[in-house]
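Colleague: Quick one, model19.cif (mmCIF, C-alpha atoms and all ligand atoms):
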```cif
data_input
#
loop_
_atom_site.label_atom_id
_atom_site.label_comp_id
_atom_site.auth_asym_id
_atom_site.auth_seq_id
_atom_site.Cartn_x
_atom_site.Cartn_y
_atom_site.Cartn_z
CA MET A 2 46.10 131.89 9.40
CA TYR A 3 44.23 129.09 11.12
CA LYS A 4 44.62 125.51 9.91
CA ALA A 5 41.16 124.35 11.05
CA ILE A 6 37.95 125.88 12.36
CA ILE A 7 35.94 124.15 15.05
CA PHE A 8 32.35 124.99 15.98
CA ASP A 9 30.05 124.40 18.87
CA LEU A 10 26.80 122.91 17.51
CA ASP A 11 23.74 123.99 19.49
CA ASN A 12 22.76 127.64 19.18
CA THR A 13 25.92 128.18 17.12
CA LEU A 14 25.37 126.29 13.85
CA LEU A 15 21.94 124.90 14.68
CA ASN A 16 19.08 126.74 16.34
CA TYR A 17 18.48 124.44 19.28
CA SER A 18 15.72 126.52 20.82
CA LEU A 19 13.66 126.47 17.62
CA SER A 20 14.19 122.71 17.13
CA GLU A 21 12.96 122.10 20.68
CA VAL A 22 9.77 124.13 20.47
CA ASP A 23 8.93 122.95 16.95
CA SER A 24 9.37 119.29 17.93
CA MET A 25 7.15 119.81 20.96
CA LYS A 26 4.41 121.56 19.00
CA ARG A 27 4.34 118.71 16.49
CA THR A 28 4.32 116.16 19.32
CA CYS A 29 1.38 117.82 21.08
CA ASN A 30 -0.47 118.13 17.81
CA ASP A 31 -0.01 114.43 17.03
CA HIS A 32 -1.40 113.51 20.45
CA GLN A 33 -4.25 116.03 20.32
CA LEU A 34 -2.99 118.12 23.22
CA PHE A 35 -3.72 121.85 23.56
CA ILE A 36 -5.45 122.03 20.17
CA ASP A 37 -6.55 125.68 19.75
CA ASP A 38 -5.64 126.39 23.37
CA VAL A 39 -2.68 128.73 23.23
CA MET A 40 -2.81 129.62 26.93
CA ALA A 41 -2.70 125.99 28.04
CA TRP A 42 0.18 125.36 25.62
CA ASP A 43 2.11 128.33 27.05
CA VAL A 44 1.65 127.10 30.61
CA PHE A 45 2.67 123.57 29.64
CA TRP A 46 5.74 124.69 27.68
CA LYS A 47 6.97 126.84 30.56
CA ASP A 48 6.44 124.02 33.07
CA PHE A 49 7.92 121.36 30.82
CA SER A 50 11.01 123.47 30.08
CA GLY A 51 11.67 123.97 33.79
CA TYR A 52 11.37 120.27 34.60
CA ASN A 53 13.31 119.31 31.50
CA PHE A 54 16.21 121.55 32.49
CA ARG A 55 16.33 120.13 36.00
CA TYR A 56 16.14 116.48 34.87
CA TRP A 57 18.68 117.10 32.12
CA MET A 58 21.14 118.61 34.63
CA ASP A 59 20.54 115.64 36.92
CA TYR A 60 21.26 113.30 34.01
CA VAL A 61 24.47 115.03 32.86
CA ASN A 62 25.71 115.30 36.44
CA GLY A 63 25.32 111.55 36.98
CA GLY A 64 22.23 111.76 39.22
CA ALA A 65 19.24 109.45 39.56
CA ILE A 66 18.14 109.96 35.94
CA THR A 67 20.20 107.69 33.73
CA THR A 68 18.66 107.94 30.24
CA MET A 69 17.41 110.68 27.96
CA LYS A 70 14.12 108.82 27.72
CA ASP A 71 13.71 109.25 31.49
CA VAL A 72 14.56 112.95 31.28
CA LEU A 73 11.66 113.37 28.87
CA ARG A 74 9.27 110.94 30.55
CA CYS A 75 9.69 112.57 33.97
CA SER A 76 9.34 116.05 32.46
CA PHE A 77 6.08 115.09 30.74
CA ARG A 78 4.87 113.37 33.91
CA ASP A 79 5.49 116.35 36.17
CA SER A 80 4.16 118.97 33.78
CA LEU A 81 1.08 117.09 32.49
CA LYS A 82 0.17 114.65 35.28
CA LEU A 83 -1.75 112.42 32.85
CA ASP A 84 -1.22 108.67 32.51
CA GLU A 85 2.11 106.94 32.30
CA SER A 86 1.58 105.27 28.92
CA LEU A 87 0.82 108.66 27.38
CA HIS A 88 4.00 110.14 28.92
CA ASN A 89 5.96 107.30 27.32
CA LYS A 90 4.36 107.83 23.92
CA LEU A 91 4.92 111.58 24.09
CA SER A 92 8.59 111.03 24.95
CA ASP A 93 9.06 108.73 21.95
CA THR A 94 7.27 111.06 19.55
CA TYR A 95 9.17 114.10 20.79
CA TRP A 96 12.57 112.42 20.64
CA ASN A 97 11.93 111.18 17.11
CA TYR A 98 10.97 114.66 15.93
CA PHE A 99 13.84 116.30 17.76
CA CYS A 100 16.51 113.96 16.36
CA ASN A 101 15.24 114.45 12.84
CA THR A 102 14.74 118.20 12.93
CA CYS A 103 17.43 120.61 11.80
CA TYR A 104 17.00 124.38 11.96
CA PHE A 105 20.08 126.37 11.11
CA GLU A 106 21.20 129.58 12.72
CA ASP A 107 21.11 132.50 10.28
CA GLY A 108 24.08 132.33 7.94
CA ALA A 109 25.20 128.87 9.10
CA GLU A 110 24.70 127.06 5.81
CA GLN A 111 26.29 129.89 3.82
CA ILE A 112 29.37 130.18 6.04
CA LEU A 113 29.89 126.42 6.06
CA SER A 114 29.67 126.25 2.28
CA ILE A 115 32.35 128.98 2.04
CA LEU A 116 34.67 127.63 4.75
CA LYS A 117 34.50 123.95 3.84
CA ASP A 118 36.65 124.41 0.75
CA LYS A 119 39.27 126.44 2.61
CA TYR A 120 39.61 124.74 6.00
CA PRO A 121 39.10 121.38 7.64
CA LEU A 122 36.06 121.88 9.90
CA GLY A 123 35.13 120.31 13.20
CA ILE A 124 32.46 120.28 15.90
CA ILE A 125 32.82 119.97 19.67
CA SER A 126 29.41 119.48 21.27
CA ASN A 127 28.13 118.81 24.75
CA GLY A 128 25.30 116.55 23.70
CA LEU A 129 23.98 113.10 22.92
CA SER A 130 25.46 111.03 20.14
CA GLU A 131 22.16 109.93 18.60
CA ALA A 132 20.65 113.40 18.53
CA GLN A 133 23.71 115.27 17.28
CA ARG A 134 24.57 112.79 14.53
CA LYS A 135 20.99 112.46 13.28
CA ARG A 136 20.41 116.23 13.31
CA LEU A 137 23.57 116.84 11.28
CA ARG A 138 22.35 114.23 8.80
CA ALA A 139 18.86 115.80 8.71
CA GLY A 140 20.51 119.12 7.81
CA ASN A 141 22.70 117.35 5.22
CA ILE A 142 25.89 118.77 6.72
CA ASP A 143 27.31 115.64 8.39
CA HIS A 144 29.82 115.16 5.54
CA VAL A 145 31.23 118.69 5.97
CA PHE A 146 33.13 117.94 9.17
CA THR A 147 36.48 116.18 9.47
CA SER A 148 36.16 115.91 13.24
CA LEU A 149 32.99 115.44 15.30
CA VAL A 150 33.58 115.29 19.04
CA ILE A 151 30.47 114.69 21.16
CA SER A 152 30.68 114.66 24.96
CA ASP A 153 28.37 111.63 25.17
CA GLU A 154 30.85 109.62 23.08
CA VAL A 155 34.14 110.78 24.60
CA GLY A 156 32.99 110.97 28.23
CA VAL A 157 34.11 114.52 28.91
CA ARG A 158 32.28 117.82 28.50
CA LYS A 159 33.21 121.39 27.71
CA PRO A 160 34.72 123.42 29.35
CA HIS A 161 37.22 120.65 30.14
CA LYS A 162 40.41 120.82 28.14
CA GLU A 163 40.34 117.08 27.35
CA ILE A 164 37.39 117.37 24.97
CA PHE A 165 39.29 120.02 22.98
CA ASP A 166 42.33 117.71 22.92
CA CYS A 167 40.17 115.08 21.14
CA ALA A 168 39.52 117.51 18.29
CA LEU A 169 43.17 118.63 18.12
CA ASN A 170 44.19 114.96 17.90
CA ASP A 171 41.73 114.39 15.04
CA PHE A 172 43.26 117.27 13.12
CA ARG A 173 46.82 116.55 14.29
CA LEU A 174 47.12 120.24 15.07
CA ASN A 175 48.29 122.30 18.04
CA ASN A 176 46.07 124.58 20.09
CA ASN A 177 47.51 127.73 18.45
CA GLU A 178 46.57 126.52 14.97
CA VAL A 179 42.78 126.35 15.32
CA LEU A 180 39.88 128.72 15.94
CA PHE A 181 36.89 127.71 18.05
CA VAL A 182 33.49 129.36 17.55
CA GLY A 183 30.70 129.07 20.11
CA ASP A 184 27.76 130.80 21.79
CA SER A 185 28.37 129.83 25.41
CA LEU A 186 30.65 131.83 27.68
CA GLN A 187 30.49 129.11 30.32
CA ASP A 188 31.30 126.10 28.12
CA ASP A 189 32.86 127.44 24.92
CA TYR A 190 34.75 130.57 25.99
CA GLN A 191 35.95 128.95 29.20
CA GLY A 192 36.86 125.74 27.37
CA ALA A 193 38.87 127.60 24.75
CA LEU A 194 40.65 129.50 27.55
CA ASN A 195 41.42 126.23 29.35
CA SER A 196 42.85 124.85 26.10
CA GLY A 197 44.74 127.95 24.93
CA ILE A 198 42.67 128.04 21.74
CA ASP A 199 41.64 131.31 20.05
CA PHE A 200 37.93 131.89 20.62
CA CYS A 201 35.33 133.61 18.52
CA TYR A 202 32.23 134.37 20.58
CA TYR A 203 29.06 133.97 18.56
CA ASN A 204 27.11 136.60 20.43
CA ARG A 205 23.76 135.64 18.86
CA HIS A 206 21.73 138.23 20.74
CA ASN A 207 24.44 140.90 20.49
CA MET A 208 24.60 141.38 24.27
CA MET A 209 27.11 143.41 26.25
CA LEU A 210 29.94 141.21 27.45
CA PRO A 211 30.20 140.77 31.22
CA GLU A 212 33.13 142.44 32.96
CA GLY A 213 36.39 140.57 32.47
CA ILE A 214 35.18 138.43 29.54
CA LYS A 215 37.50 139.05 26.61
CA PRO A 216 37.04 136.71 23.65
CA LYS A 217 39.55 137.27 20.85
CA TYR A 218 36.66 137.85 18.43
CA ASN A 219 33.03 138.79 19.04
CA ILE A 220 30.50 138.39 16.21
CA SER A 221 26.71 138.47 16.10
CA ASN A 222 26.39 137.13 12.54
CA LEU A 223 28.09 133.93 11.44
CA MET A 224 28.99 135.49 8.08
CA ASP A 225 31.33 137.84 10.01
CA LEU A 226 33.65 134.84 10.27
CA ILE A 227 34.84 135.73 6.78
CA GLN A 228 36.51 138.85 8.19
CA VAL A 229 37.69 137.03 11.31
CA VAL A 230 39.66 134.46 9.31
CA GLY A 231 40.66 137.03 6.68
CA LEU A 232 39.08 135.46 3.60
MG MG B 301 25.94 126.18 22.19
#
```
Turn this file's structure into structure tokens for me.

Modeller:
Amino acid sequence: MYKAIIFDLDNTLLNYSLSEVDSMKRTCNDHQLFIDDVMAWDVFWKDFSGYNFRYWMDYVNGGAITTMKDVLRCSFRDSLKLDESLHNKLSDTYWNYFCNTCYFEDGAEQILSILKDKYPLGIISNGLSEAQRKRLRAGNIDHVFTSLVISDEVGVRKPHKEIFDCALNDFRLNNNEVLFVGDSLQDDYQGALNSGIDFCYYNRHNMMLPEGIKPKYNISNLMDLIQVVGL
């Protein structure tokens, strides 16, 4: 029987992809971009997403981009090529929507409401403090977690063992006493392996596991955690 359950946040408890696209649609609407032009929106969104990924990776890897605002501003600049003041305004509007938007994964609210009375709960997230804290508040689930470990705050990212140690310290538990649940094989599965923590893979698209990947548990619906922990 586990003594605490720890979750990844994005695309595990919260639907990151939906939050992103919804925030962008509202941003474009506010600034009168692509109104009734679905094709132009599609082209923009594909371009923006590509630039955004590259600038975000540059930012997290300590490259030339040093703020989230610059990640967004440069992504708008390269995908839209309009004027700089508009890129700045779009970045601000988008970030405000994104930080205050909370879409749950299916079953997330239900499973949290069941587990919170039985286990201390935690989150380990590779993300930005402002966004993660505000989004948890927007979803009214910030009070559910005993431990909230965000890479931006602790200076280390999954899959490094040290970020898992932060959560174990918060709970005053050993690695064999907790379960970690996450959707990423690269960050979450590998991190749990590095830390010797039991891992439940939230296989949200129910894909075949690559050769050699053997999570202790494999679920495609968060409510299956009930069976995993034996409630
Ligand atoms: Mg994730």

Colleague: Looking at only C-alpha atoms and all ligand atoms, which of A:Arg173, A:Lys159, A:Lys217, A:Lys90 is the one that sits closest to ligand MG 301 (chain B)?

Modeller: A:Lys159

Colleague: Would you list the residues that come within 7 Å of ligand MG 301 (chain B)? Count all atoms listed in the file and give the answer as a PyMOL selection string.

Modeller: chain A and resi 9-13+183-185

Colleague: Can you tell me, as a list in words, what residues are no more than 9 Å from Ile66 in chain A when counting all atoms listed in the file, ignoring any on the same chain fewer than 6 positions away?

Modeller: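 Counting only the stated atoms, we get Tyr56, Trp57, Asp59, Tyr60 and Val72 of chain A.
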
Colleague: Quick one: residues within 12 Å of Ser114 in chain A, only C-alpha atoms, excluding same-chain residues fewer than 5 positions away - as a PDB file with C-alpha atoms, in the coordinates of the input?

Modeller:
```pdb
ATOM      1  CA  GLY A 108      24.080 132.330   7.940  1.00  0.00           C
ATOM      2  CA  ALA A 109      25.200 128.870   9.100  1.00  0.00           C
ATOM      3  CA  LYS A 119      39.270 126.440   2.610  1.00  0.00           C
ATOM      4  CA  TYR A 120      39.610 124.740   6.000  1.00  0.00           C
ATOM      5  CA  PRO A 121      39.100 121.380   7.640  1.00  0.00           C
ATOM      6  CA  LEU A 122      36.060 121.880   9.900  1.00  0.00           C
ATOM      7  CA  ASN A 141      22.700 117.350   5.220  1.00  0.00           C
ATOM      8  CA  ILE A 142      25.890 118.770   6.720  1.00  0.00           C
ATOM      9  CA  HIS A 144      29.820 115.160   5.540  1.00  0.00           C
ATOM     10  CA  VAL A 145      31.230 118.690   5.970  1.00  0.00           C
ATOM     11  CA  PHE A 146      33.130 117.940   9.170  1.00  0.00           C
ATOM     12  CA  MET A 224      28.990 135.490   8.080  1.00  0.00           C
ATOM     13  CA  ILE A 227      34.840 135.730   6.780  1.00  0.00           C
TER      14      ILE A 227
END
```

Colleague: So how far away is CA of Met2 in chain A from CA of Asp225 in chain A, in Å?

Modeller: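 These atoms are spaced 15.9 Å apart.
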
Colleague: Using only C-alpha atoms, which of A:Asn195, A:Asn207, A:Gln33, A:Thr102 sits nearest Arg134 in chain A?

Modeller: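 Using only C-alpha atoms, the shortest distance to Arg134 in chain A belongs to A:Thr102.
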
Colleague: Quick one: of A:Asn53, A:Ser92, A:Ser221, A:Thr147, who's nearest to Asp79 in chain A, counting all atoms listed in the file?

Modeller: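 Answer, going by the shortest atom-to-atom distance: A:Asn53.
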
Colleague: Compare A:Phe105, A:Phe54, A:Phe165, A:Tyr17 by their minimum atom-to-atom distance to Gln191 in chain A, counting all atoms listed in the file, and give me the closest one.

Modeller: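 Between A:Phe105, A:Phe54, A:Phe165, A:Tyr17, the residue approaching Gln191 in chain A most closely is A:Phe165.
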
Colleague: Within 10 Å of (32.9, 131.7, 22.7), all atoms listed in the file: residues as a PDB file with C-alpha atoms, keeping the file's coordinate frame?

Modeller:
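Result file follows (selection_26.pdb):
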```pdb
ATOM      1  CA  PHE A   8      32.350 124.990  15.980  1.00  0.00           C
ATOM      2  CA  ASP A   9      30.050 124.400  18.870  1.00  0.00           C
ATOM      3  CA  THR A  13      25.920 128.180  17.120  1.00  0.00           C
ATOM      4  CA  PHE A 181      36.890 127.710  18.050  1.00  0.00           C
ATOM      5  CA  VAL A 182      33.490 129.360  17.550  1.00  0.00           C
ATOM      6  CA  GLY A 183      30.700 129.070  20.110  1.00  0.00           C
ATOM      7  CA  ASP A 184      27.760 130.800  21.790  1.00  0.00           C
ATOM      8  CA  SER A 185      28.370 129.830  25.410  1.00  0.00           C
ATOM      9  CA  LEU A 186      30.650 131.830  27.680  1.00  0.00           C
ATOM     10  CA  GLN A 187      30.490 129.110  30.320  1.00  0.00           C
ATOM     11  CA  ASP A 188      31.300 126.100  28.120  1.00  0.00           C
ATOM     12  CA  ASP A 189      32.860 127.440  24.920  1.00  0.00           C
ATOM     13  CA  TYR A 190      34.750 130.570  25.990  1.00  0.00           C
ATOM     14  CA  GLN A 191      35.950 128.950  29.200  1.00  0.00           C
ATOM     15  CA  GLY A 192      36.860 125.740  27.370  1.00  0.00           C
ATOM     16  CA  ALA A 193      38.870 127.600  24.750  1.00  0.00           C
ATOM     17  CA  LEU A 194      40.650 129.500  27.550  1.00  0.00           C
ATOM     18  CA  ASP A 199      41.640 131.310  20.050  1.00  0.00           C
ATOM     19  CA  PHE A 200      37.930 131.890  20.620  1.00  0.00           C
ATOM     20  CA  CYS A 201      35.330 133.610  18.520  1.00  0.00           C
ATOM     21  CA  TYR A 202      32.230 134.370  20.580  1.00  0.00           C
ATOM     22  CA  TYR A 203      29.060 133.970  18.560  1.00  0.00           C
ATOM     23  CA  ASN A 204      27.110 136.600  20.430  1.00  0.00           C
ATOM     24  CA  ILE A 214      35.180 138.430  29.540  1.00  0.00           C
ATOM     25  CA  LYS A 215      37.500 139.050  26.610  1.00  0.00           C
ATOM     26  CA  PRO A 216      37.040 136.710  23.650  1.00  0.00           C
ATOM     27  CA  LYS A 217      39.550 137.270  20.850  1.00  0.00           C
ATOM     28  CA  TYR A 218      36.660 137.850  18.430  1.00  0.00           C
ATOM     29  CA  ASN A 219      33.030 138.790  19.040  1.00  0.00           C
ATOM     30  CA  ILE A 220      30.500 138.390  16.210  1.00  0.00           C
TER      31      ILE A 220
END
```

Colleague: Quick one, how far is CA of Thr67 in chain A from CA of Cys103 in chain A?

Modeller: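 Answer for the CA of Thr67 in chain A to CA of Cys103 in chain A separation: 25.6 Å.
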
Colleague: State, in Å with one decimal place, the distance from CA of Pro160 in chain A to CA of Asn176 in chain A.

Modeller: 14.7 Å

Colleague: Using all atoms listed in the file, pick whichever of A:Asp153, A:Asp71, A:Glu85, A:Asp93 has the shortest atom-to-atom distance to Ser24 in chain A.

Modeller: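 The shortest atom-to-atom distance to Ser24 in chain A comes from A:Asp93.
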
Colleague: With distances taken over all atoms listed in the file, which residue among A:Ile7, A:Val44, A:Cys75, A:Cys100 lies nearest Glu21 in chain A?

Modeller: A:Cys100

Colleague: Can you report as AutoDock Vina command-line options the centre and edge lengths in Å, to one decimal, of an axis-aligned box around the listed atoms of range 220-229 of chain A padded with 6 Å on each side?

Modeller:
```
--center_x 32.0 --center_y 136.4 --center_z 11.5 --size_x 23.3 --size_y 16.9 --size_z 21.4
```

Colleague: Select all residues near (10.5, 112.8, 13.8) (cut-off 12 Å, inclusive, file coordinates), counting all atoms listed in the file, and output them as a PyMOL selection string.

Modeller: chain A and resi 20-21+23-28+31+91-103+132+135-136+139

Colleague: Please provide the set of residues having any atom within 10 Å of Asp107 in chain A, restricted to all atoms listed in the file, with same-chain residues fewer than 2 positions apart removed, written as a ChimeraX atom specification.

Modeller: /A:13-16,104-105,109-112,205,222-224

Colleague: Just range 51-86 of chain A from the block, N, CA and C atoms, as an mmCIF file, in the first residue's frame, could you?

Modeller:
```
data_model
loop_
_atom_site.group_PDB
_atom_site.id
_atom_site.type_symbol
_atom_site.label_atom_id
_atom_site.label_comp_id
_atom_site.auth_asym_id
_atom_site.auth_seq_id
_atom_site.Cartn_x
_atom_site.Cartn_y
_atom_site.Cartn_z
ATOM 1 N N GLY A 51 5.539 25.078 -34.108
ATOM 2 C CA GLY A 51 6.911 24.687 -34.434
ATOM 3 C C GLY A 51 7.924 25.645 -33.832
ATOM 4 N N TYR A 52 7.698 26.951 -34.050
ATOM 5 C CA TYR A 52 8.616 27.950 -33.479
ATOM 6 C C TYR A 52 8.591 27.894 -31.952
ATOM 7 N N ASN A 53 7.393 27.794 -31.408
ATOM 8 C CA ASN A 53 7.233 27.784 -29.962
ATOM 9 C C ASN A 53 8.017 26.627 -29.332
ATOM 10 N N PHE A 54 7.946 25.476 -29.964
ATOM 11 C CA PHE A 54 8.682 24.315 -29.440
ATOM 12 C C PHE A 54 10.181 24.576 -29.458
ATOM 13 N N ARG A 55 10.659 25.133 -30.573
ATOM 14 C CA ARG A 55 12.102 25.372 -30.683
ATOM 15 C C ARG A 55 12.583 26.418 -29.679
ATOM 16 N N TYR A 56 11.806 27.529 -29.556
ATOM 17 C CA TYR A 56 12.222 28.571 -28.601
ATOM 18 C C TYR A 56 12.097 28.090 -27.154
ATOM 19 N N TRP A 57 11.076 27.285 -26.900
ATOM 20 C CA TRP A 57 10.910 26.741 -25.542
ATOM 21 C C TRP A 57 12.098 25.836 -25.190
ATOM 22 N N MET A 58 12.514 24.981 -26.116
ATOM 23 C CA MET A 58 13.655 24.097 -25.863
ATOM 24 C C MET A 58 14.925 24.909 -25.653
ATOM 25 N N ASP A 59 15.055 25.987 -26.422
ATOM 26 C CA ASP A 59 16.211 26.872 -26.257
ATOM 27 C C ASP A 59 16.203 27.482 -24.849
ATOM 28 N N TYR A 60 15.024 27.908 -24.432
ATOM 29 C CA TYR A 60 14.858 28.517 -23.105
ATOM 30 C C TYR A 60 15.191 27.519 -21.994
ATOM 31 N N VAL A 61 14.597 26.318 -22.047
ATOM 32 C CA VAL A 61 14.835 25.361 -20.957
ATOM 33 C C VAL A 61 16.264 24.816 -20.972
ATOM 34 N N ASN A 62 16.910 24.867 -22.130
ATOM 35 C CA ASN A 62 18.293 24.383 -22.188
ATOM 36 C C ASN A 62 19.314 25.498 -21.953
ATOM 37 N N GLY A 63 18.821 26.657 -21.483
ATOM 38 C CA GLY A 63 19.735 27.745 -21.129
ATOM 39 C C GLY A 63 20.352 28.432 -22.331
ATOM 40 N N GLY A 64 19.605 28.531 -23.434
ATOM 41 C CA GLY A 64 20.111 29.181 -24.645
ATOM 42 C C GLY A 64 19.946 30.697 -24.611
ATOM 43 N N ALA A 65 19.812 31.272 -25.811
ATOM 44 C CA ALA A 65 19.748 32.736 -25.935
ATOM 45 C C ALA A 65 18.436 33.312 -25.402
ATOM 46 N N ILE A 66 17.379 32.508 -25.411
ATOM 47 C CA ILE A 66 16.074 32.970 -24.935
ATOM 48 C C ILE A 66 16.020 32.798 -23.412
ATOM 49 N N THR A 67 15.781 33.903 -22.709
ATOM 50 C CA THR A 67 15.897 33.824 -21.246
ATOM 51 C C THR A 67 14.593 34.031 -20.490
ATOM 52 N N THR A 68 13.506 34.367 -21.207
ATOM 53 C CA THR A 68 12.217 34.512 -20.504
ATOM 54 C C THR A 68 11.115 33.847 -21.331
ATOM 55 N N MET A 69 10.039 33.503 -20.633
ATOM 56 C CA MET A 69 8.882 32.918 -21.322
ATOM 57 C C MET A 69 8.272 33.936 -22.276
ATOM 58 N N LYS A 70 8.284 35.197 -21.857
ATOM 59 C CA LYS A 70 7.755 36.263 -22.704
ATOM 60 C C LYS A 70 8.487 36.278 -24.056
ATOM 61 N N ASP A 71 9.787 36.075 -24.025
ATOM 62 C CA ASP A 71 10.566 36.047 -25.272
ATOM 63 C C ASP A 71 10.278 34.806 -26.108
ATOM 64 N N VAL A 72 10.011 33.682 -25.431
ATOM 65 C CA VAL A 72 9.618 32.472 -26.172
ATOM 66 C C VAL A 72 8.385 32.797 -27.011
ATOM 67 N N LEU A 73 7.413 33.422 -26.375
ATOM 68 C CA LEU A 73 6.154 33.724 -27.064
ATOM 69 C C LEU A 73 6.344 34.814 -28.114
ATOM 70 N N ARG A 74 7.023 35.886 -27.717
ATOM 71 C CA ARG A 74 7.210 37.027 -28.620
ATOM 72 C C ARG A 74 7.928 36.584 -29.906
ATOM 73 N N CYS A 75 8.979 35.821 -29.768
ATOM 74 C CA CYS A 75 9.732 35.356 -30.945
ATOM 75 C C CYS A 75 8.895 34.390 -31.791
ATOM 76 N N SER A 76 8.069 33.583 -31.129
ATOM 77 C CA SER A 76 7.224 32.637 -31.871
ATOM 78 C C SER A 76 6.166 33.384 -32.669
ATOM 79 N N PHE A 77 5.569 34.410 -32.061
ATOM 80 C CA PHE A 77 4.606 35.245 -32.802
ATOM 81 C C PHE A 77 5.304 35.983 -33.945
ATOM 82 N N ARG A 78 6.471 36.514 -33.653
ATOM 83 C CA ARG A 78 7.221 37.275 -34.664
ATOM 84 C C ARG A 78 7.511 36.406 -35.891
ATOM 85 N N ASP A 79 8.017 35.224 -35.668
ATOM 86 C CA ASP A 79 8.439 34.388 -36.790
ATOM 87 C C ASP A 79 7.274 33.761 -37.539
ATOM 88 N N SER A 80 6.163 33.570 -36.850
ATOM 89 C CA SER A 80 5.030 32.946 -37.547
ATOM 90 C C SER A 80 4.113 33.973 -38.192
ATOM 91 N N LEU A 81 4.055 35.194 -37.633
ATOM 92 C CA LEU A 81 3.133 36.205 -38.183
ATOM 93 C C LEU A 81 3.819 37.255 -39.043
ATOM 94 N N LYS A 82 5.027 37.651 -38.620
ATOM 95 C CA LYS A 82 5.791 38.699 -39.313
ATOM 96 C C LYS A 82 4.979 39.984 -39.432
ATOM 97 N N LEU A 83 4.343 40.392 -38.357
ATOM 98 C CA LEU A 83 3.596 41.663 -38.341
ATOM 99 C C LEU A 83 4.444 42.684 -37.580
ATOM 100 N N ASP A 84 3.838 43.574 -36.798
ATOM 101 C CA ASP A 84 4.732 44.539 -36.138
ATOM 102 C C ASP A 84 4.975 44.173 -34.683
ATOM 103 N N GLU A 85 6.111 44.669 -34.193
ATOM 104 C CA GLU A 85 6.625 44.217 -32.909
ATOM 105 C C GLU A 85 5.664 44.498 -31.749
ATOM 106 N N SER A 86 5.000 45.652 -31.803
ATOM 107 C CA SER A 86 4.106 45.976 -30.675
ATOM 108 C C SER A 86 2.935 44.991 -30.632
#
```
